[in-house]
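S.K.: Handing over data.txt, compact mmCIF, C-alpha atoms.
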# COMPACT_ATOMS: atom_id res chain seq x y z
CA MET A 1396 11.27 124.39 220.11
CA THR A 1397 9.03 122.76 217.52
CA ALA A 1398 5.99 124.33 215.92
CA SER A 1399 3.65 122.00 217.74
CA SER A 1400 5.22 122.67 221.12
CA PHE A 1401 5.01 126.42 220.49
CA SER A 1402 1.32 126.07 219.67
CA ARG A 1403 0.71 124.22 222.93
CA ALA A 1404 2.75 126.74 224.87
CA ARG A 1405 0.84 129.80 223.77
CA PRO A 1406 -0.90 131.24 226.84
CA PRO A 1407 -4.65 131.72 226.47
CA ARG A 1408 -5.82 135.32 226.68
CA ARG A 1409 -9.11 136.78 227.87
CA ALA A 1410 -9.67 140.01 225.98
CA GLY A 1411 -11.54 142.82 227.69
CA ALA A 1412 -13.77 145.63 226.46
CA ARG A 1413 -10.81 147.81 225.47
CA TRP A 1414 -9.35 145.10 223.23
CA PHE A 1415 -12.66 144.47 221.51
CA THR A 1416 -13.35 148.20 221.09
CA PHE A 1417 -10.14 148.90 219.19
CA PHE A 1418 -10.31 145.61 217.29
CA THR A 1419 -13.83 146.45 216.10
CA LEU A 1420 -12.74 150.01 215.25
CA ALA A 1421 -9.95 148.65 213.05
CA TRP A 1422 -12.37 146.48 211.12
CA LEU A 1423 -14.92 149.27 210.87
CA GLY A 1424 -12.34 151.34 209.01
CA ILE A 1425 -11.28 148.42 206.81
CA TRP A 1426 -14.79 147.44 205.77
CA THR A 1427 -15.99 151.03 205.29
CA VAL A 1428 -13.28 151.88 202.77
CA GLN A 1429 -13.57 148.54 200.99
CA LEU A 1430 -17.34 148.31 200.63
CA THR A 1431 -18.48 151.93 200.26
CA PRO A 1432 -16.67 152.40 196.93
CA LEU A 1433 -17.92 148.98 195.83
CA GLN A 1434 -21.55 149.72 196.69
CA LEU A 1435 -21.79 153.40 195.78
CA LEU A 1436 -18.78 155.46 194.70
CA ILE A 1437 -17.30 153.30 191.93
CA PRO A 1438 -20.73 152.62 190.32
CA LEU A 1439 -21.44 156.38 190.41
CA GLN A 1440 -17.97 157.18 189.08
CA LEU A 1441 -18.24 154.73 186.18
CA ASP A 1442 -21.99 154.95 185.44
CA THR A 1443 -22.75 155.60 181.77
CA PRO A 1444 -26.47 156.42 181.50
CA ASP A 1445 -25.93 158.51 178.34
CA ASP A 1446 -23.36 156.25 176.70
CA ALA A 1447 -24.16 155.00 173.21
CA SER A 1448 -23.84 151.42 174.45
CA GLY A 1449 -26.26 152.05 177.31
CA TRP A 1450 -26.01 151.57 181.07
CA VAL A 1451 -24.60 148.03 180.77
CA THR A 1452 -21.22 149.55 179.86
CA GLY A 1453 -20.95 151.14 183.30
CA ILE A 1454 -21.78 147.85 184.99
CA VAL A 1455 -19.11 145.99 183.02
CA SER A 1456 -16.49 148.68 183.74
CA SER A 1457 -17.30 148.56 187.46
CA GLY A 1458 -17.03 144.79 187.49
CA LEU A 1459 -13.65 144.83 185.78
CA VAL A 1460 -12.25 147.44 188.14
CA LEU A 1461 -13.41 145.57 191.23
CA ALA A 1462 -12.10 142.26 189.91
CA ALA A 1463 -8.66 143.81 189.32
CA GLY A 1464 -8.61 144.95 192.92
CA GLY A 1465 -9.62 141.50 194.05
CA LEU A 1466 -6.75 139.87 192.18
CA ALA A 1467 -4.28 142.30 193.76
CA GLY A 1468 -5.66 141.50 197.21
CA VAL A 1469 -5.32 137.77 196.59
CA ILE A 1470 -1.60 138.23 196.10
CA ALA A 1471 -0.95 140.92 198.73
CA GLY A 1472 -2.86 139.45 201.69
CA PRO A 1473 -1.04 136.12 202.11
CA LEU A 1474 2.32 137.68 201.23
CA ALA A 1475 1.92 140.38 203.85
CA GLY A 1476 0.73 137.80 206.34
CA GLY A 1477 3.79 135.65 205.67
CA PHE A 1478 6.15 138.59 206.16
CA SER A 1479 4.24 139.51 209.33
CA ASP A 1480 4.79 135.99 210.71
CA ARG A 1481 8.54 136.48 210.22
CA THR A 1482 8.78 140.05 211.54
CA ARG A 1483 10.92 140.57 214.63
CA GLY A 1484 11.38 143.73 216.64
CA SER A 1485 10.22 145.73 219.62
CA THR A 1486 7.19 147.07 217.74
CA GLY A 1487 5.68 143.59 217.37
CA ARG A 1488 4.87 141.36 214.42
CA ARG A 1489 1.48 142.71 213.37
CA ARG A 1490 1.58 146.43 214.19
CA PRO A 1491 3.96 147.59 211.42
CA TRP A 1492 1.94 145.85 208.75
CA ALA A 1493 -1.39 147.11 210.08
CA ILE A 1494 -0.11 150.69 209.95
CA ALA A 1495 1.49 150.28 206.51
CA GLY A 1496 -1.70 148.82 205.04
CA SER A 1497 -3.85 151.60 206.48
CA VAL A 1498 -1.55 154.31 205.11
CA LEU A 1499 -1.43 152.71 201.64
CA ALA A 1500 -5.22 152.42 201.52
CA ALA A 1501 -5.61 156.08 202.53
CA LEU A 1502 -3.16 157.34 199.90
CA SER A 1503 -4.81 155.22 197.20
CA LEU A 1504 -8.25 156.59 198.12
CA VAL A 1505 -6.91 160.11 197.59
CA ALA A 1506 -5.66 159.00 194.18
CA ILE A 1507 -8.95 157.41 193.13
CA ALA A 1508 -10.82 160.56 194.16
CA PHE A 1509 -9.22 162.44 191.27
CA ALA A 1510 -9.07 159.53 188.81
CA THR A 1511 -11.07 159.63 185.58
CA GLY A 1512 -11.97 156.69 183.39
CA PRO A 1513 -11.85 152.96 184.08
CA TRP A 1514 -8.07 152.60 183.73
CA SER A 1515 -7.04 155.24 186.26
CA VAL A 1516 -9.86 154.29 188.62
CA GLY A 1517 -8.79 150.66 188.36
CA ALA A 1518 -5.13 151.43 189.08
CA ALA A 1519 -6.02 153.42 192.20
CA TRP A 1520 -8.48 150.75 193.35
CA VAL A 1521 -5.71 148.16 193.15
CA GLY A 1522 -3.77 150.28 195.66
CA VAL A 1523 -6.79 150.45 197.98
CA SER A 1524 -7.28 146.69 197.75
CA VAL A 1525 -3.61 145.95 198.50
CA GLY A 1526 -3.64 148.26 201.51
CA VAL A 1527 -6.82 146.72 202.85
CA ALA A 1528 -5.47 143.18 202.34
CA VAL A 1529 -2.23 143.97 204.20
CA ALA A 1530 -4.04 145.55 207.15
CA SER A 1531 -6.64 142.77 207.24
CA ALA A 1532 -3.99 140.05 207.42
CA ALA A 1533 -2.32 141.77 210.37
CA PHE A 1534 -5.49 142.42 212.36
CA THR A 1535 -6.96 138.97 211.72
CA ALA A 1536 -3.79 137.30 213.01
CA LEU A 1537 -4.42 138.86 216.43
CA ILE A 1538 -7.34 136.43 216.90
CA ALA A 1539 -5.07 133.40 216.60
CA ASP A 1540 -2.19 135.10 218.43
CA GLN A 1541 -4.04 136.29 221.51
CA LEU A 1542 -7.40 134.55 221.98
CA ALA A 1543 -8.30 131.06 223.06
CA ASP A 1544 -12.02 130.75 223.87
CA GLN A 1545 -13.27 134.09 222.46
CA ARG A 1546 -12.61 133.49 218.79
CA GLY A 1547 -16.29 133.40 217.90
CA ALA A 1548 -16.85 136.72 219.67
CA ALA A 1549 -13.88 138.32 217.88
CA SER A 1550 -15.07 136.94 214.55
CA ALA A 1551 -18.51 138.39 215.28
CA ALA A 1552 -16.86 141.78 215.74
CA VAL A 1553 -15.32 141.46 212.28
CA ALA A 1554 -18.65 140.52 210.67
CA SER A 1555 -20.58 143.21 212.55
CA ALA A 1556 -18.08 145.86 211.54
CA GLN A 1557 -18.52 144.80 207.92
CA ALA A 1558 -22.23 145.54 208.02
CA VAL A 1559 -21.93 148.73 210.05
CA GLY A 1560 -19.12 149.92 207.78
CA ILE A 1561 -21.44 149.95 204.77
CA VAL A 1562 -23.99 152.05 206.68
CA VAL A 1563 -21.34 154.44 207.96
CA GLY A 1564 -19.83 154.96 204.53
CA VAL A 1565 -22.94 155.06 202.36
CA GLY A 1566 -25.01 156.80 205.05
CA VAL A 1567 -22.59 159.67 205.56
CA ILE A 1568 -22.12 160.21 201.83
CA VAL A 1569 -25.83 160.05 200.97
CA LEU A 1570 -27.22 161.95 203.96
CA LEU A 1571 -24.61 164.72 203.80
CA GLY A 1572 -24.84 164.90 200.03
CA LEU A 1573 -21.12 164.39 199.53
CA GLY A 1574 -19.84 164.12 195.99
CA VAL A 1575 -17.60 161.37 194.70
CA VAL A 1576 -14.36 163.27 195.34
CA THR A 1577 -15.34 164.40 198.83
CA GLY A 1578 -16.60 160.93 199.65
CA TYR A 1579 -13.28 159.31 198.77
CA LEU A 1580 -11.31 161.91 200.75
CA ALA A 1581 -13.52 161.33 203.79
CA LEU A 1582 -12.89 157.58 203.53
CA ALA A 1583 -9.14 158.19 203.29
CA GLY A 1584 -9.11 160.16 206.52
CA PHE A 1585 -11.30 157.59 208.25
CA VAL A 1586 -9.19 154.52 207.44
CA LEU A 1587 -5.99 156.37 208.34
CA ALA A 1588 -7.36 157.39 211.73
CA THR A 1589 -8.98 154.09 212.66
CA GLY A 1590 -6.24 151.82 211.32
CA VAL A 1591 -3.33 153.64 212.93
CA ALA A 1592 -5.15 154.21 216.23
CA ALA A 1593 -6.14 150.55 216.54
CA ALA A 1594 -2.68 149.30 215.57
CA LEU A 1595 -1.06 151.47 218.24
CA ALA A 1596 -3.62 150.67 220.95
CA LEU A 1597 -3.95 146.89 220.52
CA PRO A 1598 -1.32 144.75 222.28
CA ASP A 1599 1.23 143.15 220.00
CA PRO A 1600 4.05 141.77 222.12
CA PRO A 1601 7.10 140.49 220.26
CA ALA A 1602 6.95 136.75 219.68
CA PRO A 1603 10.55 135.74 219.01
CA ALA A 1604 9.82 132.01 219.32
CA ALA A 1605 7.05 132.18 216.75
CA SER A 1606 8.89 134.41 214.31
CA ALA A 1607 12.05 132.30 214.68
CA LEU A 1608 10.09 129.19 213.75
CA ALA A 1609 8.57 130.98 210.78
CA ARG A 1610 12.06 131.95 209.62
CA GLU A 1611 13.47 128.41 209.74
CA PRO A 1612 14.44 126.96 206.34
CA ARG A 1613 11.62 124.86 204.93
CA THR A 1614 10.85 123.33 201.59
CA LEU A 1615 8.39 124.91 199.20
CA ALA A 1616 5.90 122.13 200.00
CA GLU A 1617 6.17 122.97 203.71
CA ARG A 1618 5.69 126.67 202.98
CA LEU A 1619 2.54 125.84 201.03
CA SER A 1620 1.22 123.39 203.60
CA ALA A 1621 -2.09 125.24 203.91
CA PHE A 1622 -2.98 124.29 200.35
CA HIS A 1623 -2.40 120.60 201.13
CA ASP A 1624 -4.60 120.57 204.22
CA ARG A 1625 -7.89 119.07 203.08
CA ASP A 1626 -10.13 120.65 205.73
CA PHE A 1627 -8.58 124.09 205.42
CA GLY A 1628 -8.88 123.86 201.64
CA TRP A 1629 -12.59 123.06 201.80
CA LEU A 1630 -13.09 126.00 204.13
CA LEU A 1631 -11.33 128.39 201.73
CA TRP A 1632 -13.27 127.23 198.68
CA GLY A 1633 -16.57 127.30 200.53
CA ARG A 1634 -15.87 130.78 201.87
CA LEU A 1635 -15.01 132.03 198.40
CA THR A 1636 -18.17 130.54 196.89
CA VAL A 1637 -20.49 131.90 199.58
CA ASN A 1638 -18.99 135.37 199.24
CA VAL A 1639 -19.45 135.32 195.48
CA GLY A 1640 -23.07 134.42 196.15
CA ASN A 1641 -23.41 137.27 198.63
CA ALA A 1642 -21.82 139.75 196.22
CA LEU A 1643 -24.23 138.71 193.46
CA GLY A 1644 -27.09 139.43 195.84
CA THR A 1645 -25.79 142.77 197.11
CA GLY A 1646 -23.02 144.16 194.89
CA LEU A 1647 -25.21 145.52 192.07
CA LEU A 1648 -28.17 146.71 194.15
CA LEU A 1649 -27.87 150.31 192.98
CA PHE A 1650 -28.08 149.21 189.34
CA PHE A 1651 -30.93 146.82 190.22
CA LEU A 1652 -32.89 149.68 191.77
CA LEU A 1653 -32.21 151.99 188.82
CA TYR A 1654 -32.75 149.60 185.91
CA GLY A 1655 -34.44 146.52 187.37
CA LEU A 1656 -37.09 148.22 189.51
CA ARG A 1657 -37.05 151.51 187.54
CA ARG A 1658 -36.54 153.78 190.56
CA ASP A 1659 -35.58 157.38 189.82
CA PRO A 1660 -31.88 158.24 190.46
CA GLY A 1661 -32.50 160.36 193.56
CA GLY A 1662 -34.86 157.84 195.09
CA ALA A 1663 -32.58 154.94 194.22
CA GLU A 1664 -29.80 156.21 196.51
CA ASP A 1665 -32.28 156.63 199.37
CA ASP A 1666 -33.69 153.15 198.71
CA LEU A 1667 -30.17 151.73 198.68
CA LEU A 1668 -29.45 153.29 202.05
CA LEU A 1669 -32.65 151.81 203.50
CA LEU A 1670 -31.78 148.35 202.19
CA ILE A 1671 -28.29 148.63 203.64
CA VAL A 1672 -29.63 149.68 207.04
CA VAL A 1673 -32.01 146.70 207.16
CA TYR A 1674 -29.22 144.38 206.02
CA THR A 1675 -26.87 145.82 208.63
CA VAL A 1676 -29.21 145.43 211.57
CA PHE A 1677 -29.66 141.74 210.87
CA VAL A 1678 -25.98 141.15 210.11
CA VAL A 1679 -25.01 142.60 213.49
CA ILE A 1680 -27.64 140.65 215.40
CA ALA A 1681 -26.89 137.37 213.63
CA SER A 1682 -23.10 137.68 213.76
CA ILE A 1683 -22.99 138.43 217.49
CA GLY A 1684 -25.56 135.79 218.37
CA ALA A 1685 -24.10 133.06 216.16
CA GLY A 1686 -20.50 133.85 217.08
CA ARG A 1687 -21.15 133.60 220.80
CA LEU A 1688 -23.33 130.52 220.32
CA SER A 1689 -20.50 128.81 218.46
CA ASP A 1690 -18.10 129.60 221.33
CA ARG A 1691 -20.46 127.98 223.82
CA SER A 1692 -21.64 125.00 221.78
CA GLY A 1693 -18.67 124.31 219.53
CA HIS A 1694 -21.05 123.49 216.64
CA ARG A 1695 -19.34 125.75 214.13
CA ILE A 1696 -19.89 123.54 211.09
CA ARG A 1697 -23.65 123.21 211.55
CA LEU A 1698 -24.06 126.95 212.06
CA THR A 1699 -21.89 127.71 209.03
CA VAL A 1700 -23.93 125.48 206.71
CA GLY A 1701 -27.29 126.67 207.99
CA SER A 1702 -26.42 130.33 207.62
CA ALA A 1703 -25.28 129.87 204.00
CA LEU A 1704 -28.60 128.18 203.18
CA VAL A 1705 -30.50 131.17 204.60
CA GLN A 1706 -28.47 133.54 202.44
CA GLY A 1707 -29.17 131.45 199.36
CA ALA A 1708 -32.90 131.45 200.01
CA ALA A 1709 -32.89 135.26 200.24
CA SER A 1710 -31.38 135.71 196.77
CA LEU A 1711 -33.80 133.20 195.25
CA LEU A 1712 -36.67 135.17 196.81
CA ILE A 1713 -35.66 138.32 194.91
CA ALA A 1714 -35.39 136.35 191.66
CA ALA A 1715 -38.86 134.88 192.13
CA LEU A 1716 -40.62 138.07 193.28
CA PRO A 1717 -38.71 141.15 192.11
CA SER A 1718 -40.16 144.15 193.94
CA PHE A 1719 -38.84 146.69 196.41
CA GLU A 1720 -40.90 145.20 199.25
CA THR A 1721 -39.59 141.72 198.54
CA THR A 1722 -36.05 143.09 198.35
CA LEU A 1723 -36.48 144.59 201.83
CA VAL A 1724 -37.45 141.19 203.24
CA ALA A 1725 -34.60 139.54 201.36
CA ALA A 1726 -32.16 142.13 202.74
CA ALA A 1727 -33.08 141.02 206.26
CA LEU A 1728 -32.61 137.35 205.37
CA LEU A 1729 -29.32 138.10 203.61
CA GLY A 1730 -28.17 139.87 206.76
CA VAL A 1731 -29.06 136.92 208.98
CA GLY A 1732 -27.36 134.41 206.71
CA TYR A 1733 -24.25 136.39 205.90
CA GLY A 1734 -23.70 137.73 209.42
CA ALA A 1735 -23.85 134.27 210.95
CA TYR A 1736 -21.75 132.73 208.19
CA MET A 1737 -18.94 135.25 208.39
CA SER A 1738 -18.60 135.22 212.18
CA VAL A 1739 -18.80 131.45 212.68
CA GLY A 1740 -16.82 130.71 209.53
CA LEU A 1741 -13.90 132.89 210.62
CA ALA A 1742 -13.88 131.26 214.05
CA LEU A 1743 -13.87 127.85 212.34
CA ALA A 1744 -10.91 128.99 210.22
CA THR A 1745 -8.86 129.82 213.33
CA ASP A 1746 -9.65 126.34 214.66
CA LEU A 1747 -8.42 124.73 211.44
CA LEU A 1748 -5.14 126.64 210.98
CA PRO A 1749 -2.56 124.13 209.72
CA SER A 1750 0.37 125.69 211.62
CA ALA A 1751 0.75 128.26 214.39
CA GLU A 1752 3.90 129.83 212.99
CA ASP A 1753 2.17 130.73 209.71
CA SER A 1754 -1.11 131.95 211.22
CA ALA A 1755 -1.08 135.43 209.63
CA ARG A 1756 -0.27 134.03 206.20
CA ASP A 1757 -3.01 131.42 206.39
CA LEU A 1758 -5.56 133.83 207.83
CA GLY A 1759 -4.57 136.15 205.00
CA LEU A 1760 -5.81 133.42 202.67
CA VAL A 1761 -9.05 133.28 204.64
CA ASN A 1762 -9.50 137.04 204.29
CA VAL A 1763 -8.65 136.91 200.61
CA SER A 1764 -11.21 134.18 199.96
CA ALA A 1765 -13.91 136.47 201.36
CA ALA A 1766 -12.67 139.68 199.76
CA LEU A 1767 -12.09 138.03 196.39
CA GLY A 1768 -15.60 136.64 196.42
CA GLN A 1769 -16.98 140.12 197.09
CA LEU A 1770 -14.99 141.55 194.19
CA ILE A 1771 -15.49 138.70 191.69
CA GLY A 1772 -19.24 138.85 192.29
CA PRO A 1773 -19.86 142.18 190.54
CA LEU A 1774 -17.78 141.10 187.54
CA LEU A 1775 -19.67 137.84 187.22
CA GLY A 1776 -22.92 139.65 187.90
CA ALA A 1777 -22.22 142.18 185.16
CA GLY A 1778 -21.78 139.34 182.70
CA LEU A 1779 -25.01 137.68 183.80
CA VAL A 1780 -26.94 140.95 183.52
CA ALA A 1781 -25.52 141.62 180.08
CA LEU A 1782 -26.31 138.04 179.00
CA VAL A 1783 -30.05 138.23 179.69
CA GLY A 1784 -30.58 142.00 179.73
CA GLY A 1785 -32.02 141.84 183.24
CA PHE A 1786 -31.32 140.83 186.81
CA TRP A 1787 -33.18 137.54 187.43
CA LEU A 1788 -30.21 135.33 186.50
CA LEU A 1789 -27.97 137.40 188.79
CA PHE A 1790 -30.04 136.51 191.85
CA VAL A 1791 -30.61 132.89 190.86
CA ALA A 1792 -26.85 132.40 190.51
CA GLY A 1793 -26.26 134.16 193.83
CA GLY A 1794 -28.69 131.88 195.62
CA MET A 1795 -27.32 128.67 194.14
CA LEU A 1796 -23.68 129.59 194.82
CA SER A 1797 -24.51 130.44 198.44
CA ILE A 1798 -26.12 127.04 198.94
CA VAL A 1799 -23.27 125.16 197.21
CA GLY A 1800 -20.65 127.06 199.20
CA GLY A 1801 -22.36 126.27 202.47
CA LEU A 1802 -22.60 122.57 201.63
CA MET A 1803 -18.84 122.50 200.96
CA THR A 1804 -18.34 122.93 204.69
CA LEU A 1805 -19.83 119.48 205.23
CA ALA A 1806 -16.63 118.03 203.76
CA ILE A 1807 -14.92 119.28 206.92
CA GLY A 1808 -17.64 117.79 209.05
CA ALA A 1809 -17.03 114.34 207.62
CA ARG A 1810 -13.69 114.29 209.42
CA ARG A 1811 -14.11 116.68 212.34
CA ALA A 1812 -17.81 116.78 213.18
CA SER A 1813 -17.20 115.10 216.50
CA ALA A 1814 -14.64 117.77 217.40
CA ARG A 1815 -16.79 120.75 216.44
What would you get if you wrote out this structure as C-alpha cells?
M.R.:
Amino acid sequence: MTASSFSRARPPRRAGARWFTFFTLAWLGIWTVQLTPLQLLIPLQLDTPDDASGWVTGIVSSGLVLAAGGLAGVIAGPLAGGFSDRTRGSTGRRRPWAIAGSVLAALSLVAIAFATGPWSVGAAWVGVSVGVAVASAAFTALIADQLADQRGAASAAVASAQAVGIVVGVGVIVLLGLGVVTGYLALAGFVLATGVAAALALPDPPAPAASALAREPRTLAERLSAFHDRDFGWLLWGRLTVNVGNALGTGLLLFFLLYGLRRDPGGAEDDLLLLIVVYTVFVVIASIGAGRLSDRSGHRIRLTVGSALVQGAASLLIAALPSFETTLVAAALLGVGYGAYMSVGLALATDLLPSAEDSARDLGLVNVSAALGQLIGPLLGAGLVALVGGFWLLFVAGGMLSIVGGLMTLAIGARRASAR
C-alpha cells in the first residue's frame, strides 16, 4: 500500500458533539497552562521594580525565559509527532503521547512554582514547553486522522480554546487572589485532568497501515519532505511571522499597563483581565465564524490574509494612540484578526499536508510555528522596549510583522487559489 493510496483510502469521519467537547477541553488545558504563565505568572515572578537596573531587567529576563521554552518546543513538537506517526499498539498512535505530554507539563509546572531566579524558572519552563508541544502534536493530528469536511470547525475549537484559556487562567488567579505558587499548582492540576481525560475519551483507533508506512525506510530528504514543499513552507513562515506580531501586541501588556500607561500595580492586573476578556470574546466569535465559513466556501487563503491585516491594524492603532480606551478597541480588533487567522490557517495547514503518513510530525511543525512566534515575541519585544525606553516601537513592529506574515500566504494562492 503506497502513501497516496492510504491517503485516498482514509474514511471520512463526521465528529459529533462529544468529540468536539473533549477535543476543545484538551486544547483549553493546553492553552491555559501555556499562556497564563506567559501573560501573568512569569512576568510577576521575574519582575524587578526595585532592581538597580530598573524594571527593564525583569522584561529582558522574562523574554529570555520564554524564548528558551520556545526553542525547546520547536525541537520537541515535530519529534514527538514523528514518533507518534510510527507508534503501533492497541492504545492507538496519539493517545500515549497526549498523556505523556500532559503529565510532563504538570510536573514541570509544579517545579516552576518553587523555582527562584531566571535560571531555575527557565529550566522548569522548558519542561512545560516540551510537555505542551508533545501533547499539542498528538491532539492536532486527530484533525487530519479523523476529519474530512469539519477541519475548519475543529481548528476553530483550537483557536477558541486559546482565547478562553487565557481568561480561565488569568481570571481565576486574579479574581481568587492566588499567589504565584498557588497559581502554578492550580495550572498543573488543570492540565493533568483535562489532558488525560481528553486523551482517554477521544477515539484513537490503531492505524497499522499508516504507522507501517511511516516506519518504512526512507532517505533523509524524504523524511524532511515537508521542508521542501513550497506551499507548506510559506504557510509555516507566515504562521510564525503572524504569531510574532500577535505576541508583540499582547505578550507584554502587563508591563505596558504598568510602565507605558502608568497604571498602579493593583489596577493593572484588573485592567489586564478586562483586556483579555474583550480579546477573548472576539477571538471566539471570529474563530468559530471564520472556521465554519472556510469549510463552506473553501476560501481559506483569502480569509487567512484578511484576518492578519486586521490584526496588524490593531497593533498600529495602539502605537498611534496609546491610551487604555484605545487599547480596549485594539484588543477587540486583535481578537477578530487572530481568532480568524488561527482557525482558518490551521484548517489550511491540514489541506496542505505533504504526506498522510507523517501528519503528526508535520502538524507538529505547524503548532511549533505558532508557539515559537508567541514565545519569540516577548524576547524581541523586550529588546525593542529597551532600545527606545518605551512601547511605541513594540506595537509598530507587531503591526508590520502581522501584515507581512499575512501577505506570505498569497504565495500559496499563486499556485492553489483555484483549489481553495
S.K.: What does the structure give for the distance between CA of Thr1427 in chain A and CA of Leu1542 in chain A, in Å to one decimal?
M.R.: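 Value for the CA of Thr1427 in chain A-CA of Leu1542 in chain A distance: 25.0 Å.
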S.K.: How many Å lie between CA of Ala1708 in chain A and CA of Ile1437 in chain A, rounded to one decimal?
M.R.: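 Calculated distance between CA of Ala1708 in chain A and CA of Ile1437 in chain A is 28.0 Å.
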S.K.: I need the residue nearest Gly1776 in chain A from this list: A:Gly1574, A:Pro1473, A:Gly1468, A:Gly1640. Use all atoms listed in the file for the distance.
M.R.: A:Gly1640
S.K.: Go through A:Pro1717, A:Gly1560, A:Gly1464, A:Gly1547 and flag the residue nearest Ile1683 in chain A, using only C-alpha atoms for the distances.
M.R.: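 Among the listed residues, the smallest separation from Ile1683 in chain A belongs to A:Gly1547.
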S.K.: One decimal, in Å: what's the spacing between CA of Ala1755 in chain A and CA of Leu1597 in chain A?
M.R.: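 Computed distance, CA of Ala1755 in chain A to CA of Leu1597 in chain A, equals 16.1 Å.
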S.K.: May I have the residues at most 10 Å from (-20.7, 137.2, 208.9) in the file's coordinates, counting all atoms listed in the file, as a count of residues only?
M.R.: 32
